[in-house]
Structures are given as C-alpha cells and as structure tokens.
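As provided, start39.cif (mmCIF, C-alpha atoms) reads as follows.
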```
data_coords
loop_
_atom_site.label_atom_id
_atom_site.label_comp_id
_atom_site.auth_asym_id
_atom_site.auth_seq_id
_atom_site.Cartn_x
_atom_site.Cartn_y
_atom_site.Cartn_z
CA MET G 1 0.00 0.00 0.00
CA GLY G 2 3.03 2.26 0.53
CA ASN G 3 3.73 4.84 3.17
CA ASP G 4 1.87 8.11 3.59
CA ALA G 5 4.33 10.17 1.56
CA ALA G 6 4.11 7.75 -1.38
CA LEU G 7 0.30 7.67 -1.22
CA VAL G 8 0.07 11.45 -1.08
CA ALA G 9 2.43 11.69 -4.06
CA ARG G 10 0.10 9.38 -6.01
CA VAL G 11 -2.91 11.43 -4.94
CA ARG G 12 -1.15 14.54 -6.19
CA ALA G 13 -0.71 12.81 -9.51
CA GLY G 14 -4.48 12.23 -9.65
CA ASP G 15 -4.41 8.52 -8.72
CA GLN G 16 -7.90 7.67 -7.42
CA SER G 17 -6.86 4.28 -6.04
CA ALA G 18 -4.32 6.00 -3.78
CA MET G 19 -7.15 8.08 -2.42
CA ALA G 20 -9.10 4.89 -1.67
CA ASP G 21 -6.07 3.52 0.17
CA LEU G 22 -5.76 6.71 2.23
CA TYR G 23 -9.46 6.51 3.03
CA ASP G 24 -9.13 2.89 4.18
CA ARG G 25 -6.19 3.86 6.35
CA TYR G 26 -7.56 6.97 8.03
CA SER G 27 -11.35 7.12 7.68
CA GLY G 28 -11.63 5.63 11.18
CA VAL G 29 -9.62 8.50 12.66
CA VAL G 30 -11.61 11.18 10.85
CA TYR G 31 -14.98 9.55 11.52
CA GLY G 32 -14.21 8.85 15.19
CA VAL G 33 -13.29 12.47 15.86
CA ALA G 34 -16.27 13.86 13.90
CA LEU G 35 -18.72 11.51 15.62
CA ARG G 36 -17.35 12.41 19.03
CA VAL G 37 -17.65 16.15 18.34
CA LEU G 38 -21.00 16.10 16.56
CA GLY G 39 -22.71 13.15 18.23
CA ASN G 40 -24.56 12.46 15.02
CA ALA G 41 -23.62 9.75 12.51
CA MET G 42 -25.01 11.51 9.45
CA ALA G 43 -23.25 14.77 10.28
CA ALA G 44 -20.02 12.85 10.96
CA GLU G 45 -20.30 11.13 7.57
CA ASP G 46 -20.60 14.54 5.94
CA VAL G 47 -17.39 15.66 7.67
CA VAL G 48 -15.57 12.53 6.47
CA GLN G 49 -16.70 13.24 2.93
CA GLU G 50 -15.70 16.87 3.20
CA VAL G 51 -12.23 16.25 4.65
CA PHE G 52 -11.22 13.56 2.16
CA LEU G 53 -12.68 15.43 -0.81
CA GLN G 54 -10.68 18.47 0.16
CA LEU G 55 -7.55 16.37 0.50
CA TRP G 56 -8.25 15.04 -3.00
CA ARG G 57 -8.76 18.52 -4.35
CA LYS G 58 -5.71 20.02 -2.69
CA PRO G 59 -3.23 17.35 -1.56
CA GLN G 60 -0.40 19.89 -1.52
CA ALA G 61 -1.95 21.37 1.64
CA PHE G 62 -0.37 18.45 3.48
CA ASP G 63 3.39 18.82 3.65
CA THR G 64 4.89 15.34 3.82
CA ASP G 65 8.17 16.78 5.09
CA ARG G 66 6.58 18.48 8.07
CA GLY G 67 4.65 15.70 9.75
CA ARG G 68 2.48 12.64 9.50
CA LEU G 69 -0.91 12.43 7.90
CA ALA G 70 -2.92 10.92 10.76
CA PRO G 71 -2.45 13.75 13.29
CA TRP G 72 -3.01 16.30 10.56
CA LEU G 73 -6.26 14.66 9.44
CA ALA G 74 -7.37 14.31 13.06
CA VAL G 75 -6.92 18.03 13.72
CA ILE G 76 -8.55 18.99 10.40
CA ALA G 77 -11.49 16.68 11.19
CA ARG G 78 -11.85 18.23 14.62
CA ASN G 79 -11.74 21.77 13.25
CA ARG G 80 -14.30 21.00 10.53
CA SER G 81 -16.58 19.29 13.04
CA ILE G 82 -16.40 22.26 15.40
CA ASP G 83 -17.30 24.51 12.45
CA HIS G 84 -20.38 22.35 11.86
CA LEU G 85 -21.21 22.27 15.56
CA ARG G 86 -21.05 26.02 15.83
CA LYS G 87 -22.69 26.48 12.43
CA ARG G 88 -19.73 28.50 11.24
CA PRO G 89 -19.08 28.74 7.53
CA THR G 90 -16.33 26.27 6.65
CA GLU G 91 -13.25 27.33 4.78
CA ASP G 92 -13.12 26.62 1.08
CA ASP G 93 -9.90 24.66 1.55
CA ILE G 94 -8.26 22.49 4.10
CA ASP G 95 -5.79 24.21 6.34
CA GLU G 96 -2.05 24.11 5.99
CA LEU G 97 -1.41 23.34 9.64
CA PRO G 98 2.15 22.34 10.42
CA ILE G 99 2.03 19.56 12.99
CA SER G 100 5.18 17.93 14.29
CA SER G 101 4.43 14.44 15.51
CA GLY G 102 6.50 11.32 15.59
CA VAL G 103 3.65 8.97 16.44
CA ASP G 104 3.25 6.28 13.79
CA LEU G 105 -0.41 5.63 13.01
CA GLU G 106 -0.21 4.20 9.52
CA ASP G 107 -2.27 1.09 10.23
CA GLU G 108 -5.47 0.41 12.09
CA ALA G 109 -3.75 -1.72 14.74
CA GLY G 110 -1.33 1.13 15.49
CA GLN G 111 -4.23 3.57 15.70
CA ARG G 112 -6.16 1.37 18.12
CA GLN G 113 -3.08 0.84 20.24
CA ALA G 114 -2.39 4.59 20.37
CA ALA G 115 -6.05 5.28 21.13
CA GLU G 116 -5.93 2.88 24.09
CA LYS G 117 -2.79 4.54 25.35
CA VAL G 118 -4.34 8.02 25.09
CA ARG G 119 -7.46 6.86 26.91
CA GLY G 120 -5.23 5.42 29.63
CA VAL G 121 -3.38 8.73 30.04
CA LEU G 122 -6.65 10.66 30.12
CA ALA G 123 -8.12 8.27 32.68
CA ARG G 124 -5.17 8.92 34.96
CA LEU G 125 -5.54 12.70 34.76
CA PRO G 126 -7.55 14.43 37.50
CA GLN G 127 -11.19 14.57 36.42
CA GLU G 128 -11.28 18.40 36.32
CA GLN G 129 -8.29 18.46 34.03
CA ARG G 130 -9.65 15.81 31.68
CA LYS G 131 -12.98 17.62 31.51
CA VAL G 132 -11.33 20.93 30.64
CA LEU G 133 -9.28 19.33 27.85
CA GLU G 134 -12.36 17.67 26.38
CA MET G 135 -14.41 20.84 26.56
CA ALA G 136 -11.71 22.70 24.65
CA PHE G 137 -11.01 20.03 22.06
CA PHE G 138 -14.25 18.14 21.48
CA GLU G 139 -16.70 20.92 22.27
CA GLY G 140 -14.64 23.75 20.80
CA MET G 141 -15.13 25.96 23.84
CA THR G 142 -12.83 28.90 24.46
CA HIS G 143 -11.05 29.25 27.77
CA THR G 144 -13.40 32.07 28.80
CA GLU G 145 -16.42 29.88 28.06
CA ILE G 146 -14.90 27.00 30.01
CA ALA G 147 -14.14 29.28 32.96
CA GLY G 148 -17.73 30.57 32.82
CA LYS G 149 -19.16 27.06 32.80
CA THR G 150 -16.90 25.53 35.45
CA GLY G 151 -16.60 28.59 37.69
CA GLU G 152 -12.81 28.11 37.77
CA PRO G 153 -10.40 31.05 37.37
CA LEU G 154 -9.11 31.67 33.85
CA GLY G 155 -5.51 31.03 34.92
CA THR G 156 -6.43 27.62 36.31
CA ILE G 157 -8.16 26.64 33.08
CA LYS G 158 -5.15 27.69 31.02
CA THR G 159 -2.69 25.77 33.14
CA ARG G 160 -4.86 22.65 33.20
CA ILE G 161 -5.08 22.62 29.43
CA ARG G 162 -1.35 22.98 28.93
CA THR G 163 -0.30 20.46 31.56
CA GLY G 164 -2.90 18.02 30.21
CA LEU G 165 -1.50 18.26 26.70
CA LEU G 166 2.05 17.89 28.01
CA ALA G 167 1.04 14.76 29.90
CA LEU G 168 -0.10 13.24 26.59
CA ARG G 169 3.15 14.29 24.93
CA LYS G 170 5.19 12.73 27.70
CA ALA G 171 3.36 9.43 27.35
CA PHE G 172 4.40 9.19 23.69
CA ALA G 173 7.91 10.62 24.11
CA MET V 174 9.18 26.39 25.26
CA ASN V 175 12.02 26.96 27.69
CA GLY V 176 12.78 30.32 26.16
CA HIS V 177 9.45 32.11 26.61
CA PRO V 178 7.46 30.62 29.49
CA GLN V 179 5.26 33.73 29.62
CA PHE V 180 3.55 32.48 26.44
CA ALA V 181 3.38 28.80 27.43
CA ASP V 182 -0.24 28.64 28.61
CA ALA V 183 -1.54 30.95 25.88
CA LEU V 184 0.24 28.87 23.24
CA ALA V 185 -1.55 25.70 24.36
CA LEU V 186 -4.90 27.51 24.17
CA TYR V 187 -3.97 28.89 20.76
CA ALA V 188 -3.17 25.38 19.47
CA LEU V 189 -6.74 24.42 20.41
CA GLY V 190 -8.28 27.61 19.02
CA ALA V 191 -9.45 28.33 22.57
CA LEU V 192 -7.65 31.62 23.20
CA ASP V 193 -10.30 34.33 23.02
CA ASP V 194 -8.66 37.23 24.85
CA ALA V 195 -8.08 39.67 21.96
CA GLN V 196 -5.15 41.41 23.60
CA GLU V 197 -3.42 38.18 24.56
CA LEU V 198 -4.10 36.74 21.12
CA ALA V 199 -2.58 39.75 19.36
CA ALA V 200 0.51 39.68 21.60
CA LEU V 201 0.99 35.95 21.01
CA GLN V 202 0.55 36.22 17.25
CA ALA V 203 3.06 39.07 17.12
CA HIS V 204 5.50 36.99 19.15
CA LEU V 205 4.97 33.93 16.95
CA GLY V 206 5.83 36.04 13.92
CA ALA V 207 9.29 36.60 15.33
CA CYS V 208 10.00 33.46 17.38
CA GLY V 209 10.81 30.19 15.64
CA GLU V 210 11.14 28.39 18.95
CA CYS V 211 7.54 29.17 19.89
CA ARG V 212 6.32 28.29 16.38
CA GLY V 213 7.99 24.91 16.85
CA GLU V 214 6.30 24.49 20.20
CA LEU V 215 2.96 25.37 18.58
CA GLU V 216 3.47 22.56 16.06
CA ALA V 217 4.27 20.17 18.91
CA LEU V 218 1.17 21.29 20.83
CA ARG V 219 -0.98 20.68 17.75
CA ALA V 220 0.46 17.17 17.67
CA ASP V 221 -0.54 16.82 21.32
CA THR V 222 -4.11 17.84 20.46
CA ALA V 223 -4.04 15.21 17.69
CA LEU V 224 -3.21 12.62 20.36
CA LEU V 225 -6.28 13.82 22.23
CA ALA V 226 -8.28 13.20 19.04
CA LEU V 227 -7.12 9.59 19.03
CA SER V 228 -9.18 8.94 22.15
CA ALA V 229 -12.23 9.09 19.86
CA VAL V 230 -10.92 6.43 17.47
CA GLY V 231 -13.01 3.27 17.41
CA PRO V 232 -16.24 3.50 15.45
CA GLN V 233 -15.83 2.93 11.72
CA PRO V 234 -17.87 4.78 9.09
CA PRO V 235 -20.44 2.73 7.15
CA GLU V 236 -19.43 1.39 3.75
CA ARG V 237 -21.72 3.88 2.01
CA VAL V 238 -19.39 6.71 3.04
CA ARG V 239 -16.54 5.10 1.11
CA GLN V 240 -18.72 4.59 -1.94
CA ARG V 241 -19.98 8.15 -1.77
CA LEU V 242 -16.45 9.52 -1.56
CA LEU V 243 -15.05 7.39 -4.38
CA SER V 244 -18.01 8.28 -6.61
CA ALA V 245 -17.47 11.95 -5.91
CA ILE V 246 -13.77 11.62 -6.72
CA ALA V 247 -14.49 9.75 -9.92
CA ALA V 248 -16.87 12.55 -10.87
CA LYS V 249 -14.23 15.16 -10.12
CA PRO V 250 -10.96 13.89 -11.53
CA ARG V 251 -8.26 16.50 -11.33
CA THR V 252 -6.91 15.83 -14.82
CA VAL V 253 -8.18 18.17 -17.54
CA GLN V 254 -11.08 16.63 -19.46
CA MET V 255 -10.93 16.91 -23.26
CA VAL V 256 -14.14 17.08 -25.25
CA PRO V 257 -14.17 14.33 -27.93
CA GLN V 258 -13.22 15.76 -31.31
CA SER V 259 -15.93 13.90 -33.27
CA TYR V 260 -18.63 15.39 -31.10
CA THR V 261 -17.45 18.94 -31.64
CA SER V 262 -16.96 18.61 -35.39
CA SER V 263 -20.14 17.00 -36.64
CA HIS V 264 -22.76 16.42 -34.00
CA LEU V 265 -22.35 19.76 -32.35
CA ARG V 266 -22.30 21.67 -35.63
CA ARG V 267 -25.45 19.99 -36.87
CA ARG V 268 -27.45 20.84 -33.79
CA TRP V 269 -25.71 24.11 -33.04
CA PHE V 270 -28.77 26.35 -33.21
CA SER V 271 -30.86 24.16 -30.93
CA ILE V 272 -28.26 23.77 -28.21
CA ALA V 273 -26.63 27.17 -28.49
CA PRO V 274 -28.48 28.83 -25.56
CA THR V 275 -27.83 25.85 -23.28
CA ALA V 276 -24.21 25.67 -24.37
CA ALA V 277 -23.82 29.37 -23.71
CA MET V 278 -25.28 28.95 -20.22
CA VAL V 279 -23.07 25.98 -19.49
CA ALA V 280 -20.04 27.85 -20.79
CA LEU V 281 -20.98 30.84 -18.67
CA ALA V 282 -21.47 28.64 -15.63
CA VAL V 283 -18.12 26.92 -16.18
CA PHE V 284 -16.47 30.26 -16.76
CA SER V 285 -18.07 31.65 -13.59
CA LEU V 286 -16.96 28.61 -11.65
CA LEU V 287 -13.42 28.98 -12.94
CA LEU V 288 -13.48 32.68 -12.07
CA TRP V 289 -14.84 31.89 -8.62
CA ARG V 290 -12.13 29.28 -8.03
CA GLU V 291 -9.52 31.70 -9.34
CA LEU V 292 -10.81 34.44 -7.03
CA SER V 293 -10.86 32.05 -4.11
CA ASP V 294 -7.28 30.93 -4.81
CA THR V 295 -6.18 34.54 -5.25
CA ARG V 296 -7.77 35.56 -1.96
CA ARG V 297 -6.06 32.71 -0.19
CA ASP V 298 -2.71 33.55 -1.79
CA LEU V 299 -3.27 37.15 -0.74
CA ARG V 300 -3.94 36.12 2.85
CA ARG V 301 -0.75 34.09 2.87
CA ALA V 302 1.24 36.90 1.28
CA GLN V 303 -0.10 39.32 3.89
CA ALA V 304 0.90 36.96 6.68
CA GLN V 305 4.36 36.66 5.13
CA ILE V 306 4.67 40.44 4.81
CA GLU V 307 3.68 40.85 8.46
CA GLN V 308 6.37 38.36 9.42
CA PHE V 309 8.99 40.15 7.31
CA GLN V 310 7.95 43.47 8.85
CA MET V 311 8.32 41.98 12.29
CA GLU V 312 11.79 40.64 11.46
CA PHE V 313 12.76 43.95 9.86
CA LEU V 314 11.64 45.89 12.95
CA THR V 315 13.65 43.55 15.17
CA LYS V 316 16.79 43.95 13.04
CA ASP V 317 16.22 47.69 12.84
CA ARG V 318 15.99 47.92 16.61
CA GLU V 319 19.15 45.83 17.06
CA LEU V 320 21.00 48.04 14.58
CA ALA V 321 19.84 51.21 16.33
CA GLU V 322 21.05 49.81 19.65
CA ALA V 323 24.46 48.89 18.19
CA LYS V 324 24.76 52.39 16.69
CA ALA V 325 23.83 54.02 19.98
CA VAL V 326 26.49 51.95 21.80
CA SER V 327 29.12 52.91 19.21
CA GLU V 328 28.22 56.61 19.41
CA LEU V 329 28.43 56.52 23.19
CA VAL V 330 31.87 54.90 23.21
CA HIS V 331 33.21 57.47 20.74
CA ALA V 332 31.48 60.52 22.20
CA PRO V 333 33.97 63.41 22.72
CA ASP V 334 32.80 64.03 26.27
CA VAL V 335 32.76 60.38 27.28
CA LYS V 336 33.78 59.64 30.85
CA ARG V 337 35.04 56.19 31.72
CA MET V 338 34.76 54.91 35.22
CA THR V 339 35.03 51.71 37.17
CA LEU V 340 32.63 51.06 39.99
CA ILE V 341 33.66 48.89 42.89
CA SER V 342 31.94 47.64 45.98
CA ALA V 343 30.98 50.49 48.30
CA HIS V 344 31.80 48.34 51.31
CA THR V 345 35.48 47.72 50.65
CA LEU V 346 38.42 50.06 50.98
CA PRO V 347 39.56 51.61 47.69
CA GLN V 348 41.92 49.15 46.00
CA PRO V 349 45.19 50.30 44.42
CA LEU V 350 44.80 50.15 40.67
CA MET V 351 47.31 50.85 37.91
CA LYS V 352 46.16 50.88 34.32
CA MET V 353 48.64 51.03 31.52
CA ILE V 354 49.06 50.76 27.79
CA TYR V 355 52.27 49.79 26.02
CA SER V 356 53.23 49.73 22.36
CA PRO V 357 56.32 47.53 21.71
CA GLN V 358 56.76 49.06 18.24
CA LYS V 359 56.86 52.60 19.62
CA GLY V 360 58.63 51.50 22.79
CA SER V 361 56.36 53.84 24.75
CA LEU V 362 53.99 53.33 27.61
CA ILE V 363 51.51 55.25 29.73
CA LEU V 364 50.67 54.31 33.31
CA MET V 365 47.83 55.72 35.44
CA ALA V 366 47.75 54.88 39.12
CA THR V 367 44.88 55.35 41.55
CA ASN V 368 44.59 54.67 45.26
CA ALA V 369 48.24 53.68 45.52
CA PRO V 370 49.41 53.47 49.15
CA PRO V 371 51.55 56.43 50.34
CA LEU V 372 55.29 55.88 49.80
CA PRO V 373 57.87 55.95 52.62
CA GLU V 374 60.14 58.99 52.58
CA ASN V 375 62.80 58.97 49.83
CA LYS V 376 61.07 56.12 48.00
CA ILE V 377 59.44 55.93 44.56
CA TYR V 378 57.38 53.43 42.60
CA GLU V 379 59.34 51.83 39.76
CA LEU V 380 57.79 50.02 36.80
CA TRP V 381 59.51 46.95 35.31
CA LEU V 382 59.03 45.47 31.88
CA LEU V 383 59.21 41.65 31.97
CA PRO V 384 60.50 40.62 28.50
CA ALA V 385 58.56 37.94 26.65
CA ASP V 386 61.83 36.10 25.88
CA GLY V 387 62.41 35.50 29.59
CA GLY V 388 65.15 38.11 29.89
CA LYS V 389 65.84 40.12 33.04
CA PRO V 390 63.29 42.76 34.13
CA MET V 391 63.98 46.10 32.44
CA ALA V 392 63.41 49.45 34.17
CA ALA V 393 60.40 51.10 32.54
CA GLY V 394 60.21 54.42 34.41
CA TRP V 395 59.45 55.55 37.94
CA PHE V 396 56.87 57.84 39.51
CA LYS V 397 55.53 59.28 42.74
CA THR V 398 51.88 59.51 43.68
CA ASP V 399 50.08 62.57 44.97
CA SER V 400 48.40 62.84 48.36
CA ASN V 401 45.36 60.90 46.98
CA GLY V 402 47.51 58.03 45.70
CA HIS V 403 47.11 59.11 42.04
CA ALA V 404 49.83 59.39 39.41
CA MET V 405 50.31 59.39 35.67
CA MET V 406 53.55 58.50 33.87
CA PHE V 407 54.61 58.55 30.23
CA HIS V 408 57.83 56.66 29.51
CA THR V 409 59.82 55.70 26.44
CA MET V 410 62.10 52.66 26.61
CA GLU V 411 65.71 53.07 25.55
CA ILE V 412 65.10 50.71 22.66
CA ALA V 413 61.85 49.94 20.86
CA GLY V 414 60.57 46.55 19.75
CA ILE V 415 60.72 44.70 23.08
CA ASN V 416 57.76 42.37 23.53
CA ALA V 417 56.56 42.15 27.11
CA ARG V 418 54.95 39.20 28.86
CA GLY V 419 53.95 41.59 31.64
CA PHE V 420 54.85 44.50 33.88
CA ALA V 421 55.42 44.75 37.61
CA VAL V 422 55.87 47.58 40.12
CA THR V 423 58.24 47.67 43.07
CA ILE V 424 59.16 50.32 45.64
CA GLU V 425 62.68 51.61 45.13
CA PRO V 426 64.95 54.34 46.51
CA SER V 427 64.55 57.81 44.95
CA GLY V 428 66.20 57.95 41.55
CA GLY V 429 65.32 54.35 40.72
CA SER V 430 67.27 51.06 40.79
CA PRO V 431 68.97 49.05 38.04
CA THR V 432 67.27 45.85 39.33
CA PRO V 433 63.93 45.41 41.14
CA THR V 434 63.85 45.17 44.93
CA MET V 435 61.41 42.61 46.20
CA PRO V 436 58.58 42.42 46.98
CA ILE V 437 56.50 43.18 43.88
CA VAL V 438 53.68 45.50 44.95
CA MET V 439 51.68 45.51 41.71
CA GLU V 440 51.50 42.85 39.01
CA PRO V 441 49.24 42.01 36.03
CA ALA V 442 45.64 41.18 36.97
CA SER V 443 45.66 37.99 34.92
#
```
I need this file expressed as structure tokens, please.
Amino acid sequence: MGNDAALVARVRAGDQSAMADLYDRYSGVVYGVALRVLGNAMAAEDVVQEVFLQLWRKPQAFDTDRGRLAPWLAVIARNRSIDHLRKRPTEDDIDELPISSGVDLEDEAGQRQAAEKVRGVLARLPQEQRKVLEMAFFEGMTHTEIAGKTGEPLGTIKTRIRTGLLALRKAFA
Amino acid sequence: MNGHPQFADALALYALGALDDAQELAALQAHLGACGECRGELEALRADTALLALSAVGPQPPERVRQRLLSAIAAKPRTVQMVPQSYTSSHLRRRWFSIAPTAAMVALAVFSLLLWRELSDTRRDLRRAQAQIEQFQMEFLTKDRELAEAKAVSELVHAPDVKRMTLISAHTLPQPLMKMIYSPQKGSLILMATNAPPLPENKIYELWLLPADGGKPMAAGWFKTDSNGHAMMFHTMEIAGINARGFAVTIEPSGGSPTPTMPIVMEPAS
C-alpha cells in the first residue's frame, strides 16, 4: 500500500486508487473524531466526505516533510466538526497546519493501540483536568467559556489545558 | 518552550483555538511572527491535540461513506477533461442552433466557476502573502531595533565628552589600581595609578618590563603619587621593539634602581 508520503504523491498525480487507500487507512480516525464532536452519525459522515474530498482537491496542503498524515487529518477533522457544531461557515480549503508528531499511526492496529494509550493517560488525569481538555477540544469551547461554565479562574483553566497536553506528549515521548 | 514561558499557557490555548482574549491573542501572534522556537512548540502542541483526538478512534464509518467519496472523486478527476473531437466537429455543428443557448449557459457557468475558483485561490494567496509580509515586517523591525542599539552603543563609546569609570563595591576600601598601555613598536607606555598606598620617605614606585623572551626585568620608568595616591607617567624605553609578557611595580629608593627590589607591589591582573 506504501507509506503516507508515497500515497500522497500518487494522490497529487491524480491517482484515485491511492485516495481509496488513504481513506481505508484513516477514515476511522476522521470519523471517530467527527462523531465524538457532533454526536450524530449523518453529520459525521458529511465531515468525512468533506475532509477527504478536500484532500483530494488540494493534496499539496499536506506537507509530507513536516509531519504525519494521521495527526493532521485528526486536527482537520476536529476543526471542521467544530465549524459544523457552531454552524460556522467552513473554509473553502483544508488548512495548511504544520504539525510535528512522531507517532506512527499508519495502520489500524497502530491507531487502536495509540487510542488505548491516550485513553489510559486521560483516565489517569484528574477529572477536572480531563474535563477541561475535552471541553476545549471536542466541544470547541474557548477558555473564557470553560471558565464561565466551570466557575474556575481563567488562569487555572489555562494551566490545566497545557499540563494536560504535556502529559499526553510525555506518554508518547 | 524553555525560552518564553510567559507564552506557554496561551500557546496551548492557541493550538486548540481556545484563546479568546483579543489582547493576549494579538501579543501571542506578534510573538509567533518573530519566534521560531515558539512556532515549533505550537506545532508540537498541535500534535498533542491530535493525540487527544485519538481517544475518539473506534467506530468505523459505514461502507456507504466510502462509496460516496469514491463516486465523488471519480466525478471530479483532477486531470483536464478533453471534449471528444468527433462530437465537436459534426454532431455539435449539426445541432448548433438548438443547443446554443444551453451551451452558452453551461459555458458561462463553467467560466463563472473557474473565475470563482480563481478568485478564491487569489484571496487565499493574498492572505498568505499578507501573513508573510507581516512576518517580514516583524523581522525587519527587530533587526532595525538591534541596529539602532548597536549604533547608539558605538556613538556613546566614541562621544567626545565620554567619561570612563570603574565602579567597585561600596563596602570595601579603595583598591590600588594601575592601568597602563604599552606599544612595543613605539617602545612607549603610559601608566595611570589610583589609590596607591603612600610611599615611605625617599622612596618611589618603579615600573619593570618583563621581556617575553624570559630576559631580566627592564626598568620602565618611575613615579611618585600625589596625596590621593594618584599618578600618571609617560615613559619611552631606551630601545623599541621589546615584547613584554607583563609588567610589575616595586618600591625603590629615589632615583630608581637598576634591578627590582622585592617584593612586587603591583602585578598584572591575569
């Protein structure tokens, strides 16, 4: 099937079968994130369609030298889903978001293994911290909104978000 | 993020799109324009958020989603589609009048679509160019400020009314200090002494040149200090071109000595 860089190169050349391979490899990541954010299967399917179609239309938005495809697609899927959730107009094109990640997620087994590990790290975080991270990432809430909802000071929210993300980083270091 | 911890928390919020304090956002964006280290940390934080996304991995999309996507891709190949020649030459010509309005509308729609895509691409390129210009401006301002600072330092050092001074601890007694410059080629030297201890009667301070070739110390002039322990001496050696590994000062009888009398009272600082 080839690695991500090779598949993206084929997609850039207009190879539809490479796109099918990329879909088979990463549709679970995109769908899982969209379903978690939107809580609606039909809406999540629309996000999957949108993200992969945009990748097909503009594969050069993903820089194979700057990172791996899975984290990039996961973040794009999250951002698109939050746009849908908040009924914001979506951008015409996918974002060129540089993401530096060394986590290898090129097959489904690797993705499931990483997912289990992330869930384990999150489960070990204090509940308030986990909740704040999820509100920011999966609900797209700003830190002011989170502070308003939880009644916690802004500074506390900020620190919880950063230390939570760093805990995840450390687990995969 | 070791370099700029003041932005650490805001950067994590920014990676999540959760920073909504306009002032803080503007300050962070300005900083990111000029700080590669923090841009790198932003990329790492985005990767951390992607790890968070993985916690949602599990459910798989239904097969219809794959079919829908592949159909859409097949309908929108990126290669340029050529209209078959036979169709344009005979079929189209024969029915030209009947399909002309529709063809014109389709052509207009295609043209509009192309224009719209072009406009969209141009707008995006413009946004990127603007971001790049802002970054260049930021870098230029930084360089400009550094240059202005360097110029100000240079002007200060060369100012005609410049005063040089050395500050020492206010809680210690003034230390004897002798500063000197020596040019082997000219064979000349200048010595300035401050806070030198008072000399016994009929005694002077004598300066000795210690030759670099290990030769015997050579008399390099003598001087007396005033009541404040200050003195200045200009001296020319009998011959020029002697390289010195250092200088030393001893106390000698008035009129100077041909060889130094121990102990050495002043010697090079390092």
*Determine the nearest neighbour of G:Arg78 from the options V:Leu225, V:Leu184, V:Leu286, V:Met406, counting all atoms listed in the file.*
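Using all atoms listed in the file, G:Arg78 sits closest to V:Leu225.
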*asked:* Quick check on the file I pasted: which residues fall under the PyMOL selection byres ((chain G) within 6 of (chain V))? Write them as a VMD selection string.
replied: chain G and resid 14 28 to 29 32 to 33 49 71 74 to 75 98 to 101 115 118 to 119 142 to 143 158 to 159 162 165 169
_Given all atoms listed in the file as the basis, pick out the residue of V:Val283, V:Pro370, V:Ala200, V:Pro357 nearest to V:Ala413._
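When distances to V:Ala413 are compared using all atoms listed in the file, the smallest one comes from V:Pro357.
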_Once the PyMOL selection byres ((chain G and resi 22) around 12) is applied to the coordinates I shared, what remains selected? I want it as a VMD selection string._
(chain G and resid 1 to 11 15 to 21 23 to 30 51 to 53 55 to 56 59 69 to 70 73 106 to 108) or (chain V and resid 239 242 to 243)
*Measure the distance from atom CA of V:Ala404 to atom CA of V:Pro333 in Å and round it to one decimal.*
23.4 Å
_Using Å and a single decimal, report how far atom CA of G:Val47 sits from atom CA of V:Glu236._
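Here the two named atoms are 14.9 Å from each other.
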I need the residue set behind the PyMOL selection byres ((chain V and resi 385-389) around 6) for this file; please write it as a short mmCIF file (atom, residue, chain, number, x, y, z; two decimals) with C-alpha atoms, in the frame of the given file.
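The file below, result.cif, is the result:
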```cif
data_model
loop_
_atom_site.label_atom_id
_atom_site.label_comp_id
_atom_site.auth_asym_id
_atom_site.auth_seq_id
_atom_site.Cartn_x
_atom_site.Cartn_y
_atom_site.Cartn_z
CA PRO V 384 60.50 40.62 28.50
CA PRO V 390 63.29 42.76 34.13
CA ASN V 416 57.76 42.37 23.53
CA ALA V 417 56.56 42.15 27.11
CA ARG V 418 54.95 39.20 28.86
#
```
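The residue that comes closest to V:Pro436, out of V:Glu411, V:Ala392, V:Cys208, V:Glu379 and on the basis of only C-alpha atoms, is V:Glu379.
Our summary of the geometry notes that atom CA of G:Val132 is positioned 18.9 Å from atom CA of G:Ala171.
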*Compare G:Ile161, G:Ile146, G:Ala136, G:Ala77 by their minimum atom-to-atom distance to G:Glu45, counting only C-alpha atoms, and give me the closest one.*
G:Ala77
